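Participant: Sharing data_9.txt, compact mmCIF, C-alpha atoms:
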```txt
# COMPACT_ATOMS: atom_id res chain seq x y z
CA MET A 1 0.00 0.00 0.00
CA SER A 2 1.68 3.16 -1.17
CA LYS A 3 -1.06 5.63 -0.27
CA LYS A 4 -2.82 5.90 3.08
CA ILE A 5 -6.56 5.23 3.30
CA ARG A 6 -8.72 8.21 4.22
CA GLY A 7 -10.35 7.10 7.45
CA GLY A 8 -12.70 9.91 8.46
CA SER A 9 -13.58 11.17 11.95
CA VAL A 10 -13.01 8.95 14.96
CA VAL A 11 -13.10 9.75 18.68
CA GLU A 12 -10.21 8.04 20.47
CA MET A 13 -10.18 7.64 24.25
CA LYS A 14 -6.84 6.83 25.86
CA GLY A 15 -6.81 4.70 28.99
CA ASP A 16 -4.63 3.42 31.80
CA GLU A 17 -1.73 1.15 32.71
CA MET A 18 -0.67 -1.72 30.43
CA THR A 19 -3.55 -1.25 28.02
CA ARG A 20 -2.42 2.36 27.50
CA VAL A 21 1.05 1.10 26.55
CA ILE A 22 -0.50 -1.37 24.09
CA TRP A 23 -2.87 1.31 22.75
CA GLU A 24 0.05 3.45 21.59
CA LEU A 25 1.72 0.40 19.98
CA ILE A 26 -1.48 -0.44 18.07
CA LYS A 27 -1.69 3.07 16.64
CA GLU A 28 2.02 3.26 15.83
CA LYS A 29 2.43 -0.20 14.26
CA LEU A 30 -1.00 -1.23 12.92
CA ILE A 31 -3.21 1.81 12.26
CA PHE A 32 -1.28 5.01 11.49
CA PRO A 33 1.06 3.51 8.83
CA TYR A 34 -1.99 2.69 6.68
CA VAL A 35 -4.90 4.95 7.67
CA ASP A 36 -5.14 8.75 7.76
CA LEU A 37 -7.71 9.51 10.47
CA ASP A 38 -9.33 12.73 11.58
CA LEU A 39 -8.65 11.76 15.20
CA HIS A 40 -10.40 13.50 18.10
CA SER A 41 -8.39 12.35 21.11
CA TYR A 42 -9.47 12.43 24.76
CA ASP A 43 -7.24 11.34 27.64
CA LEU A 44 -9.34 9.23 30.01
CA GLY A 45 -6.31 8.21 32.06
CA ILE A 46 -7.22 8.36 35.76
CA GLU A 47 -4.96 11.34 36.52
CA HIS A 48 -6.48 13.46 33.75
CA ARG A 49 -10.02 12.50 34.71
CA ASP A 50 -9.20 13.64 38.23
CA ALA A 51 -7.59 16.89 37.02
CA THR A 52 -10.71 17.75 34.98
CA ASN A 53 -13.19 16.59 37.66
CA ASP A 54 -14.21 13.88 35.17
CA LYS A 55 -15.43 16.49 32.67
CA VAL A 56 -13.17 14.91 30.03
CA THR A 57 -15.30 11.74 30.12
CA VAL A 58 -18.49 13.70 29.43
CA GLU A 59 -16.72 15.65 26.66
CA ALA A 60 -15.60 12.38 25.05
CA ALA A 61 -19.16 11.02 25.11
CA GLU A 62 -20.52 14.22 23.54
CA ALA A 63 -17.85 13.96 20.83
CA ILE A 64 -18.95 10.38 20.07
CA LYS A 65 -22.50 11.69 19.65
CA LYS A 66 -21.17 14.25 17.17
CA TYR A 67 -18.83 12.03 15.13
CA ASN A 68 -20.71 8.68 15.56
CA VAL A 69 -17.62 6.50 16.17
CA GLY A 70 -15.78 6.13 19.48
CA ILE A 71 -12.83 3.80 20.10
CA LYS A 72 -11.92 3.39 23.77
CA CYS A 73 -8.95 1.96 25.66
CA ALA A 74 -9.49 0.18 28.98
CA THR A 75 -9.61 2.53 31.99
CA ILE A 76 -9.33 2.33 35.77
CA THR A 77 -12.56 2.57 37.75
CA PRO A 78 -11.23 3.71 41.13
CA ASP A 79 -11.92 1.95 44.42
CA GLU A 80 -10.60 3.01 47.85
CA LYS A 81 -7.10 1.70 47.12
CA ARG A 82 -6.93 3.54 43.78
CA VAL A 83 -8.13 6.79 45.40
CA GLU A 84 -5.20 6.50 47.81
CA GLU A 85 -2.72 5.38 45.12
CA PHE A 86 -3.43 8.34 42.82
CA LYS A 87 -4.43 10.81 45.59
CA LEU A 88 -7.73 11.38 43.79
CA LYS A 89 -10.16 14.15 44.74
CA GLN A 90 -12.96 11.60 44.95
CA MET A 91 -13.91 8.08 43.90
CA TRP A 92 -14.91 8.87 40.32
CA LYS A 93 -17.60 6.76 38.67
CA SER A 94 -16.84 4.22 35.96
CA PRO A 95 -16.03 6.10 32.74
CA ASN A 96 -17.69 3.28 30.80
CA GLY A 97 -20.84 3.77 32.86
CA THR A 98 -20.76 7.54 32.33
CA ILE A 99 -20.33 7.18 28.56
CA ARG A 100 -23.04 4.51 28.29
CA ASN A 101 -25.49 6.60 30.28
CA ILE A 102 -24.95 9.58 27.96
CA LEU A 103 -25.15 7.53 24.75
CA GLY A 104 -27.72 4.90 25.76
CA GLY A 105 -27.86 1.77 23.63
CA THR A 106 -26.78 -1.81 24.09
CA VAL A 107 -23.32 -3.34 24.48
CA PHE A 108 -22.93 -6.46 22.33
CA ARG A 109 -20.05 -8.77 23.19
CA GLU A 110 -18.90 -11.75 21.19
CA ALA A 111 -15.90 -14.05 21.55
CA ILE A 112 -13.07 -13.92 19.00
CA ILE A 113 -12.60 -17.60 18.13
CA CYS A 114 -9.30 -19.20 17.06
CA LYS A 115 -9.29 -22.86 16.05
CA ASN A 116 -6.24 -23.73 18.16
CA ILE A 117 -7.48 -22.14 21.41
CA PRO A 118 -9.39 -24.85 23.30
CA ARG A 119 -12.69 -23.90 24.89
CA LEU A 120 -13.23 -24.35 28.61
CA VAL A 121 -16.85 -25.12 27.71
CA SER A 122 -16.14 -27.73 25.07
CA GLY A 123 -19.77 -27.93 23.94
CA TRP A 124 -19.76 -24.33 22.68
CA VAL A 125 -19.24 -24.90 18.97
CA LYS A 126 -21.07 -21.71 17.92
CA PRO A 127 -20.61 -18.17 19.27
CA ILE A 128 -22.83 -16.62 21.92
CA VAL A 129 -23.56 -12.90 21.52
CA ILE A 130 -24.31 -11.15 24.81
CA GLY A 131 -26.32 -7.95 24.61
CA ARG A 132 -25.76 -5.94 27.77
CA HIS A 133 -28.26 -3.19 28.51
CA ALA A 134 -25.93 -0.21 28.90
CA TYR A 135 -28.08 2.12 30.97
CA GLY A 136 -29.00 2.56 34.61
CA ASP A 137 -29.45 -0.06 37.35
CA GLN A 138 -26.38 -0.41 39.63
CA TYR A 139 -24.26 1.74 37.28
CA ARG A 140 -26.41 4.81 37.89
CA ALA A 141 -27.45 3.99 41.46
CA THR A 142 -27.27 6.11 44.59
CA ASP A 143 -25.74 3.96 47.30
CA PHE A 144 -24.60 4.89 50.78
CA VAL A 145 -23.53 3.55 54.14
CA VAL A 146 -26.26 3.79 56.77
CA PRO A 147 -24.30 5.00 59.81
CA GLY A 148 -26.61 3.65 62.52
CA PRO A 149 -30.17 2.82 63.54
CA GLY A 150 -32.84 4.65 61.57
CA LYS A 151 -35.28 4.39 58.71
CA VAL A 152 -34.47 4.40 54.97
CA GLU A 153 -37.35 5.41 52.70
CA MET A 154 -37.83 6.15 48.99
CA THR A 155 -40.22 8.86 47.86
CA TYR A 156 -41.73 9.43 44.40
CA THR A 157 -42.90 13.03 43.88
CA PRO A 158 -45.00 13.52 40.70
CA THR A 159 -44.15 16.63 38.66
CA ASP A 160 -47.84 17.26 38.01
CA GLY A 161 -48.44 18.17 41.63
CA GLY A 162 -49.89 14.79 42.58
CA LYS A 163 -49.50 13.37 46.05
CA PRO A 164 -46.00 11.99 46.81
CA VAL A 165 -45.75 8.26 47.49
CA THR A 166 -43.24 6.96 50.06
CA TYR A 167 -41.95 3.39 50.31
CA LEU A 168 -40.15 1.94 53.32
CA VAL A 169 -36.88 0.33 52.23
CA HIS A 170 -35.77 -0.87 55.67
CA ASN A 171 -36.01 0.03 59.32
CA PHE A 172 -32.48 -0.29 60.72
CA GLU A 173 -33.28 -1.08 64.36
CA SER A 174 -30.10 -2.22 66.09
CA CYS A 175 -27.27 -1.19 63.76
CA GLY A 176 -26.44 0.53 60.48
CA GLY A 177 -25.69 -1.09 57.14
CA VAL A 178 -25.91 -0.16 53.48
CA ALA A 179 -28.70 1.00 51.17
CA MET A 180 -29.15 1.69 47.48
CA GLY A 181 -31.69 3.22 45.14
CA MET A 182 -31.52 2.46 41.42
CA TYR A 183 -33.70 3.04 38.40
CA ASN A 184 -34.26 2.52 34.70
CA LEU A 185 -36.37 4.18 32.02
CA ASP A 186 -39.12 2.68 29.87
CA GLN A 187 -37.62 4.30 26.77
CA SER A 188 -34.18 2.83 27.49
CA ILE A 189 -35.67 -0.64 28.00
CA LYS A 190 -37.56 -0.27 24.69
CA ASP A 191 -34.34 0.73 22.89
CA PHE A 192 -32.62 -2.28 24.48
CA ALA A 193 -35.40 -4.57 23.26
CA HIS A 194 -35.28 -3.25 19.68
CA SER A 195 -31.46 -3.56 19.55
CA SER A 196 -31.65 -7.13 20.84
CA PHE A 197 -34.39 -8.24 18.44
CA GLN A 198 -32.56 -6.65 15.51
CA MET A 199 -29.27 -8.32 16.46
CA ALA A 200 -30.99 -11.73 16.66
CA LEU A 201 -32.56 -11.19 13.23
CA SER A 202 -29.23 -10.12 11.70
CA LYS A 203 -27.51 -13.21 13.12
CA GLY A 204 -30.42 -15.55 12.39
CA TRP A 205 -30.23 -16.85 15.96
CA PRO A 206 -32.84 -17.14 18.74
CA LEU A 207 -32.96 -14.46 21.44
CA TYR A 208 -33.18 -15.12 25.17
CA MET A 209 -33.71 -12.33 27.71
CA SER A 210 -32.96 -13.05 31.36
CA THR A 211 -34.19 -11.37 34.57
CA LYS A 212 -35.01 -12.30 38.16
CA ASN A 213 -38.64 -11.21 37.90
CA THR A 214 -39.72 -13.78 40.51
CA ILE A 215 -37.92 -11.65 43.14
CA LEU A 216 -37.97 -8.16 41.58
CA LYS A 217 -41.58 -8.45 40.47
CA LYS A 218 -42.04 -4.78 39.55
CA TYR A 219 -38.49 -3.86 38.46
CA ASP A 220 -37.51 -6.92 36.43
CA GLY A 221 -41.15 -7.55 35.58
CA ARG A 222 -41.09 -4.26 33.68
CA PHE A 223 -38.24 -5.52 31.47
CA LYS A 224 -40.09 -8.79 30.83
CA ASP A 225 -43.38 -7.06 29.94
CA ILE A 226 -41.81 -4.46 27.61
CA PHE A 227 -39.80 -7.08 25.71
CA GLN A 228 -42.83 -9.33 25.30
CA ASP A 229 -45.07 -6.48 24.14
CA ILE A 230 -42.57 -5.28 21.52
CA TYR A 231 -41.92 -8.84 20.33
CA ASP A 232 -45.62 -9.61 19.94
CA ARG A 233 -46.39 -6.34 18.13
CA GLU A 234 -43.32 -5.89 15.91
CA TYR A 235 -41.05 -8.92 15.65
CA SER A 236 -42.88 -12.23 16.09
CA SER A 237 -43.69 -12.69 12.39
CA GLN A 238 -40.11 -11.83 11.35
CA PHE A 239 -38.71 -14.33 13.88
CA GLU A 240 -41.12 -17.05 12.73
CA ALA A 241 -40.16 -16.44 9.10
CA LYS A 242 -36.51 -17.08 10.03
CA LYS A 243 -37.49 -20.09 12.18
CA ILE A 244 -36.00 -18.48 15.28
CA TRP A 245 -37.71 -17.54 18.54
CA TYR A 246 -37.69 -15.23 21.56
CA GLU A 247 -37.99 -16.46 25.15
CA HIS A 248 -37.74 -14.87 28.59
CA ARG A 249 -35.76 -16.95 31.10
CA LEU A 250 -34.89 -16.58 34.76
CA ILE A 251 -31.22 -15.60 35.04
CA ASP A 252 -30.20 -18.68 37.08
CA ASP A 253 -31.99 -21.02 34.66
CA MET A 254 -30.44 -19.19 31.71
CA VAL A 255 -26.89 -19.53 33.07
CA ALA A 256 -27.36 -23.30 33.42
CA GLN A 257 -28.99 -23.54 29.99
CA ALA A 258 -26.16 -21.57 28.36
CA LEU A 259 -23.52 -23.94 29.77
CA LYS A 260 -25.41 -26.96 28.42
CA SER A 261 -26.01 -25.43 24.98
CA GLU A 262 -23.87 -25.52 21.83
CA GLY A 263 -24.03 -21.71 21.49
CA GLY A 264 -25.57 -19.99 18.52
CA PHE A 265 -27.91 -17.54 20.26
CA VAL A 266 -28.20 -13.92 21.39
CA TRP A 267 -28.56 -13.39 25.14
CA ALA A 268 -30.06 -10.07 26.26
CA CYS A 269 -28.89 -9.27 29.79
CA LYS A 270 -29.65 -6.47 32.20
CA ASN A 271 -26.70 -4.19 32.92
CA TYR A 272 -25.07 -6.04 35.85
CA ASP A 273 -25.88 -9.53 34.53
CA GLY A 274 -24.30 -8.58 31.20
CA ASP A 275 -21.18 -7.29 32.95
CA VAL A 276 -20.73 -10.64 34.72
CA GLN A 277 -21.90 -13.05 32.03
CA SER A 278 -19.90 -11.47 29.20
CA ASP A 279 -16.67 -12.21 31.10
CA SER A 280 -17.90 -15.69 31.98
CA VAL A 281 -18.75 -16.43 28.34
CA ALA A 282 -15.43 -15.00 27.12
CA GLN A 283 -13.51 -17.27 29.50
CA GLY A 284 -15.65 -20.21 28.41
CA TYR A 285 -14.48 -19.66 24.85
CA GLY A 286 -10.84 -19.56 25.98
CA SER A 287 -9.73 -16.11 27.09
CA LEU A 288 -11.01 -12.81 28.47
CA GLY A 289 -8.54 -11.12 26.13
CA MET A 290 -10.44 -12.49 23.12
CA MET A 291 -13.74 -10.64 23.10
CA THR A 292 -15.24 -7.83 21.04
CA SER A 293 -17.33 -5.19 22.80
CA VAL A 294 -19.41 -2.67 20.87
CA LEU A 295 -22.00 -0.23 22.22
CA ILE A 296 -24.70 0.27 19.58
CA CYS A 297 -26.84 3.37 20.17
CA PRO A 298 -30.59 3.60 19.50
CA ASP A 299 -30.06 5.79 16.42
CA GLY A 300 -28.23 2.90 14.73
CA LYS A 301 -25.58 5.39 13.57
CA THR A 302 -23.51 5.85 16.70
CA ILE A 303 -21.24 3.20 18.22
CA GLU A 304 -18.46 2.96 20.78
CA ALA A 305 -16.02 0.05 20.54
CA GLU A 306 -13.79 -0.89 23.47
CA ALA A 307 -11.68 -3.65 24.95
CA ALA A 308 -13.90 -5.70 27.24
CA HIS A 309 -11.17 -6.38 29.82
CA GLY A 310 -9.38 -4.30 32.46
CA THR A 311 -6.11 -2.36 32.41
CA VAL A 312 -3.88 -5.41 33.18
CA THR A 313 -2.39 -3.85 36.33
CA ARG A 314 -0.14 -6.81 37.20
CA HIS A 315 1.62 -6.64 33.83
CA TYR A 316 1.94 -2.86 34.14
CA ARG A 317 3.73 -3.23 37.50
CA MET A 318 6.17 -5.62 35.79
CA HIS A 319 6.56 -3.23 32.83
CA GLN A 320 7.34 -0.34 35.21
CA LYS A 321 10.15 -2.42 36.74
CA GLY A 322 11.60 -3.17 33.30
CA GLN A 323 10.49 -6.81 33.46
CA GLU A 324 9.23 -8.71 30.43
CA THR A 325 5.46 -8.92 29.89
CA SER A 326 3.32 -10.92 27.49
CA THR A 327 0.05 -8.98 27.31
CA ASN A 328 -2.69 -9.94 24.87
CA PRO A 329 -3.61 -6.93 22.64
CA ILE A 330 -6.30 -8.63 20.54
CA ALA A 331 -9.39 -7.13 22.23
CA SER A 332 -7.86 -3.65 22.01
CA ILE A 333 -7.03 -4.18 18.32
CA PHE A 334 -10.60 -5.33 17.68
CA ALA A 335 -11.86 -2.15 19.36
CA TRP A 336 -10.05 -0.27 16.59
CA THR A 337 -11.21 -2.59 13.80
CA ARG A 338 -14.88 -2.61 14.85
CA GLY A 339 -14.82 1.18 15.12
CA LEU A 340 -13.21 1.53 11.70
CA ILE A 341 -15.63 -0.96 10.12
CA HIS A 342 -18.53 1.16 11.36
CA ARG A 343 -16.85 4.35 10.11
CA ALA A 344 -16.47 2.65 6.72
CA LYS A 345 -20.16 1.70 6.72
CA LEU A 346 -21.27 5.27 7.52
CA ASP A 347 -18.99 6.77 4.86
CA ASN A 348 -19.42 4.01 2.25
CA ASN A 349 -15.64 3.51 2.35
CA PRO A 350 -14.80 -0.04 1.14
CA SER A 351 -11.04 0.55 1.37
CA LEU A 352 -11.30 1.28 5.09
CA LYS A 353 -13.55 -1.74 5.65
CA ASN A 354 -11.17 -4.04 3.75
CA PHE A 355 -8.24 -2.77 5.83
CA ALA A 356 -10.04 -3.39 9.14
CA VAL A 357 -11.21 -6.86 8.07
CA ALA A 358 -7.65 -7.69 6.95
CA LEU A 359 -6.28 -6.63 10.34
CA GLU A 360 -8.80 -8.88 12.14
CA GLU A 361 -7.86 -11.78 9.87
CA VAL A 362 -4.16 -11.18 10.57
CA CYS A 363 -4.80 -11.37 14.33
CA ILE A 364 -6.57 -14.74 14.04
CA GLU A 365 -4.19 -16.17 11.42
CA THR A 366 -1.12 -15.18 13.48
CA ILE A 367 -2.45 -16.96 16.57
CA GLU A 368 -3.55 -20.01 14.56
CA SER A 369 -0.06 -20.26 13.06
CA GLY A 370 1.42 -20.59 16.57
CA PHE A 371 2.49 -17.03 17.44
CA MET A 372 0.71 -15.82 20.56
CA THR A 373 0.91 -14.25 24.01
CA LYS A 374 1.38 -16.23 27.22
CA ASP A 375 -2.31 -16.28 28.21
CA LEU A 376 -3.22 -18.05 24.96
CA ALA A 377 -0.30 -20.48 25.25
CA ALA A 378 -1.62 -21.31 28.73
CA CYS A 379 -5.07 -22.03 27.25
CA ILE A 380 -3.47 -24.59 24.95
CA LYS A 381 -0.89 -26.26 27.23
CA GLY A 382 -1.97 -25.35 30.76
CA LEU A 383 -0.01 -22.66 32.60
CA PRO A 384 2.38 -25.02 34.49
CA ASN A 385 3.46 -26.56 31.16
CA VAL A 386 4.16 -23.30 29.31
CA THR A 387 7.81 -22.58 28.52
CA ARG A 388 9.31 -19.32 27.25
CA SER A 389 9.54 -20.69 23.71
CA ASP A 390 5.74 -21.14 23.59
CA TYR A 391 4.91 -17.43 23.49
CA LEU A 392 6.05 -13.98 22.42
CA ASN A 393 6.39 -11.00 24.73
CA THR A 394 4.16 -7.93 24.34
CA PHE A 395 6.44 -6.14 21.90
CA GLU A 396 7.46 -9.25 19.92
CA PHE A 397 3.81 -10.13 19.35
CA MET A 398 2.96 -6.61 18.18
CA ASP A 399 5.93 -6.74 15.79
CA LYS A 400 4.77 -10.12 14.45
CA LEU A 401 1.27 -8.73 13.84
CA ALA A 402 2.75 -5.67 12.10
CA GLU A 403 4.93 -7.90 9.89
CA ASN A 404 1.98 -10.13 8.95
CA LEU A 405 -0.30 -7.15 8.31
CA LYS A 406 2.25 -5.56 5.99
CA ARG A 407 2.54 -8.83 4.06
CA LYS A 408 -1.24 -9.34 3.87
CA LEU A 409 -1.97 -5.79 2.68
CA ALA A 410 0.74 -6.06 0.03
CA SER A 411 -0.98 -9.18 -1.32
CA LEU A 412 -4.44 -7.59 -1.54
CA PRO A 413 -5.68 -6.38 -4.95
CA LYS A 414 -5.00 -2.67 -5.41
CA ALA A 415 -8.11 -0.52 -5.03
```
Spit out the file's structure as structure tokens when you get a sec.

Facilitator:
Amino acid sequence: MSKKIRGGSVVEMKGDEMTRVIWELIKEKLIFPYVDLDLHSYDLGIEHRDATNDKVTVEAAEAIKKYNVGIKCATITPDEKRVEEFKLKQMWKSPNGTIRNILGGTVFREAIICKNIPRLVSGWVKPIVIGRHAYGDQYRATDFVVPGPGKVEMTYTPTDGGKPVTYLVHNFESCGGVAMGMYNLDQSIKDFAHSSFQMALSKGWPLYMSTKNTILKKYDGRFKDIFQDIYDREYSSQFEAKKIWYEHRLIDDMVAQALKSEGGFVWACKNYDGDVQSDSVAQGYGSLGMMTSVLICPDGKTIEAEAAHGTVTRHYRMHQKGQETSTNPIASIFAWTRGLIHRAKLDNNPSLKNFAVALEEVCIETIESGFMTKDLAACIKGLPNVTRSDYLNTFEFMDKLAENLKRKLASLPKA
């Protein structure tokens, strides 16, 4: 490729720790040599979020709304230890949660499958796509420590001047504890339902939606009722025509059913369930580092692609000491490729799409030809049996991907 591909506008969000190191390598070795992007960059590293009182996260989300494509590196969500470590002004909320609450939509996660990576759940011969509702619930909750005996109540005050309604949450009689209030919106649940039904139709797979409506009769019951109503009114005939179906399942039953299945379905999860089950499913397919994660907004035009894993703190501590690491970059690379594929779709840019697809193919082909990071070698041989010759370090693997990408692009027909 002699000439760079025009890539269009993309919002890039930098992150933290080892994934931030990898992020820069991806741009330097795999993206920038081939694609000329109009890059709108936001630093979501924990120090910069703290310095801006987390305004940078909101600004990044607003930019994604404007330009329709966001590509995000993994970031730290601070706990007490992180507040102390970085001397933060406060315990800032999850940047992912903040962005999702501004954009709305549904996060769809799907394993990246390589033939030579054995599956922990050997029966999963087809992929499972998890749709995680990306709004509200625990991620937008108000939670607090109850300091001592007393009463916790929730009050709904109608804006039309109607009489307020108060509900007793708990009467703390002998000691304090903890309490939480959380919510969701009918419109957000409807958007979630439409996204999930459309994803199932596009895949040609059945859709399952899981809740615990037997316990949360009103809260989870609302999800169940809205999904069923929309399915009956708008999607049932389309599903029947494709010989697929929609079912509501209890979350515990669904987890057991998923493990017994062969895969090949879309699973719509509430926010917290999707957070947990997407990692569980990724590990079942072989590795947490091998999963795509894309937030699809209700307008169908706006997406945010990200790595579905954390910042790989343990490897970063080793990297800081000058020790060798072998960190898997695949999910971060796929954040870039899925973002670029969507940009290509919006702009009708086949050259950009072909580049991104080629990069994804290079990642899978490189691993299947025996070049991989330590986590994947451990999937194949078992960690105690892995020797240094079985894997490449972080930088060696990135160089191997860059070498294979250069070769693959040179072999493609000229546009």

Participant: Which residue gives the smallest distance to Lys353 of chain A among A:Lys126, A:Arg100, A:Arg338, A:Lys14, with all atoms listed in the file counted?

Facilitator: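 So, comparing all the options, the nearest one is A:Arg338.
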
Participant: With all atoms listed in the file as the basis for distance, which of A:Val56, A:Leu120, A:Ile341, A:Ile244 is at the shortest distance from Ala356 of chain A?

Facilitator: A:Ile341

Participant: Give as a list in words the set of residues within 8 Å of the point (-40.0, -15.2, 20.7), where distances use the file's coordinates and all atoms listed in the file.

Facilitator: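 Here the neighbourhood of the point contains Pro206, Leu207, Gln228, Tyr231, Asp232, Ser236, Phe239, Ile244, Trp245, Tyr246 and Glu247 of chain A.
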
Participant: Counting only C-alpha atoms, which of A:Val276, A:Val281, A:Leu288, A:Leu295 gets nearest to Val312 of chain A?

Facilitator: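 The answer is A:Leu288, which sits nearest to Val312 of chain A.
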
Participant: Which residue out of A:Ile117, A:Ala63, A:Ile5, A:Val266 has the minimum interatomic distance to Leu37 of chain A when only C-alpha atoms are used?

Facilitator: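 Of the candidates, the smallest distance to Leu37 of chain A is held by A:Ile5.
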
Participant: List every residue of segment 36-151 of chain A that has an atom at most 12 Å from any atom of segment 210-222 of chain A, and for each one report the closest atom pair and its distance in Å to one decimal, counting all atoms listed in the file, with rows sorted by chain and then by increasing residue number, as a Markdown table.

Facilitator:
```
| residue | atom | partner | partner_atom | distance |
| --- | --- | --- | --- | --- |
| A:Ile130 | CA | A:Ser210 | CA | 11.0 |
| A:Gly131 | CA | A:Ser210 | CA | 10.8 |
| A:Arg132 | CA | A:Ser210 | CA | 10.7 |
| A:His133 | CA | A:Ser210 | CA | 11.3 |
| A:Asp137 | CA | A:Tyr219 | CA | 9.9 |
```

Participant: Using all atoms listed in the file, which protein or nucleic acid residues come within 8 Å of Gly284 of chain A? Drop anything in the same chain fewer than 2 positions from it, and give the result as a list in words.

Facilitator: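 Residues meeting the cut-off are Arg119, Leu120, Val121, Ser280, Val281, Ala282, Gly286 and Ser287 of chain A.
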
Participant: Just how far from atom CA of Met182 of chain A is atom CA of Tyr156 of chain A, in Å to one decimal?

Facilitator: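 Going from atom CA of Tyr156 of chain A over to atom CA of Met182 of chain A, I get 12.7 Å.
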
Participant: Would you compute the distance between atom CA of Cys73 of chain A and atom CA of Asn348 of chain A? Give it in Å to one decimal.

Facilitator: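 That distance, rounded to one decimal, is 25.7 Å.
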
Participant: Residues within 10 Å of Thr366 of chain A, please, as a PDB file with C-alpha atoms, in the coordinates of the input. Count all atoms listed in the file; anything in the same chain fewer than 4 positions from it doesn't count.

Facilitator:
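Everything below was put into out.pdb:
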```pdb
ATOM      1  CA  CYS A 114      -9.300 -19.200  17.060  1.00  0.00           C
ATOM      2  CA  GLU A 361      -7.860 -11.780   9.870  1.00  0.00           C
ATOM      3  CA  VAL A 362      -4.160 -11.180  10.570  1.00  0.00           C
ATOM      4  CA  GLY A 370       1.420 -20.590  16.570  1.00  0.00           C
ATOM      5  CA  PHE A 371       2.490 -17.030  17.440  1.00  0.00           C
ATOM      6  CA  MET A 372       0.710 -15.820  20.560  1.00  0.00           C
ATOM      7  CA  PHE A 397       3.810 -10.130  19.350  1.00  0.00           C
ATOM      8  CA  LYS A 400       4.770 -10.120  14.450  1.00  0.00           C
ATOM      9  CA  LEU A 401       1.270  -8.730  13.840  1.00  0.00           C
ATOM     10  CA  ASN A 404       1.980 -10.130   8.950  1.00  0.00           C
ATOM     11  CA  LEU A 405      -0.300  -7.150   8.310  1.00  0.00           C
TER      12      LEU A 405
END
```

Participant: Can you complete the atoms of segment 247-260 of chain A to N, CA and C atoms and list them as a CSV table (one decimal), keeping the file's coordinate frame?

Facilitator:
```
chain,number,residue,atom,x,y,z
A,247,GLU,N,-37.5,-15.9,23.9
A,247,GLU,CA,-38.0,-16.5,25.2
A,247,GLU,C,-37.4,-15.6,26.3
A,248,HIS,N,-38.2,-15.4,27.3
A,248,HIS,CA,-37.7,-14.9,28.6
A,248,HIS,C,-37.4,-16.0,29.5
A,249,ARG,N,-36.2,-15.9,30.2
A,249,ARG,CA,-35.8,-17.0,31.1
A,249,ARG,C,-35.3,-16.3,32.4
A,250,LEU,N,-35.5,-17.0,33.5
A,250,LEU,CA,-34.9,-16.6,34.8
A,250,LEU,C,-33.4,-16.7,34.6
A,251,ILE,N,-32.7,-15.7,35.2
A,251,ILE,CA,-31.2,-15.6,35.0
A,251,ILE,C,-30.5,-16.9,35.5
A,252,ASP,N,-30.9,-17.5,36.6
A,252,ASP,CA,-30.2,-18.7,37.1
A,252,ASP,C,-30.4,-19.9,36.1
A,253,ASP,N,-31.7,-20.0,35.6
A,253,ASP,CA,-32.0,-21.0,34.7
A,253,ASP,C,-31.2,-20.8,33.4
A,254,MET,N,-31.1,-19.5,33.0
A,254,MET,CA,-30.4,-19.2,31.7
A,254,MET,C,-28.9,-19.5,31.8
A,255,VAL,N,-28.3,-19.2,32.9
A,255,VAL,CA,-26.9,-19.5,33.1
A,255,VAL,C,-26.7,-21.0,32.9
A,256,ALA,N,-27.5,-21.8,33.5
A,256,ALA,CA,-27.4,-23.3,33.4
A,256,ALA,C,-27.6,-23.7,32.0
A,257,GLN,N,-28.6,-23.2,31.4
A,257,GLN,CA,-29.0,-23.5,30.0
A,257,GLN,C,-27.9,-23.2,29.0
A,258,ALA,N,-27.2,-22.0,29.2
A,258,ALA,CA,-26.2,-21.6,28.4
A,258,ALA,C,-25.0,-22.5,28.4
A,259,LEU,N,-24.6,-23.0,29.6
A,259,LEU,CA,-23.5,-23.9,29.8
A,259,LEU,C,-23.8,-25.3,29.1
A,260,LYS,N,-25.1,-25.7,29.0
A,260,LYS,CA,-25.4,-27.0,28.4
A,260,LYS,C,-25.6,-26.9,26.9
```
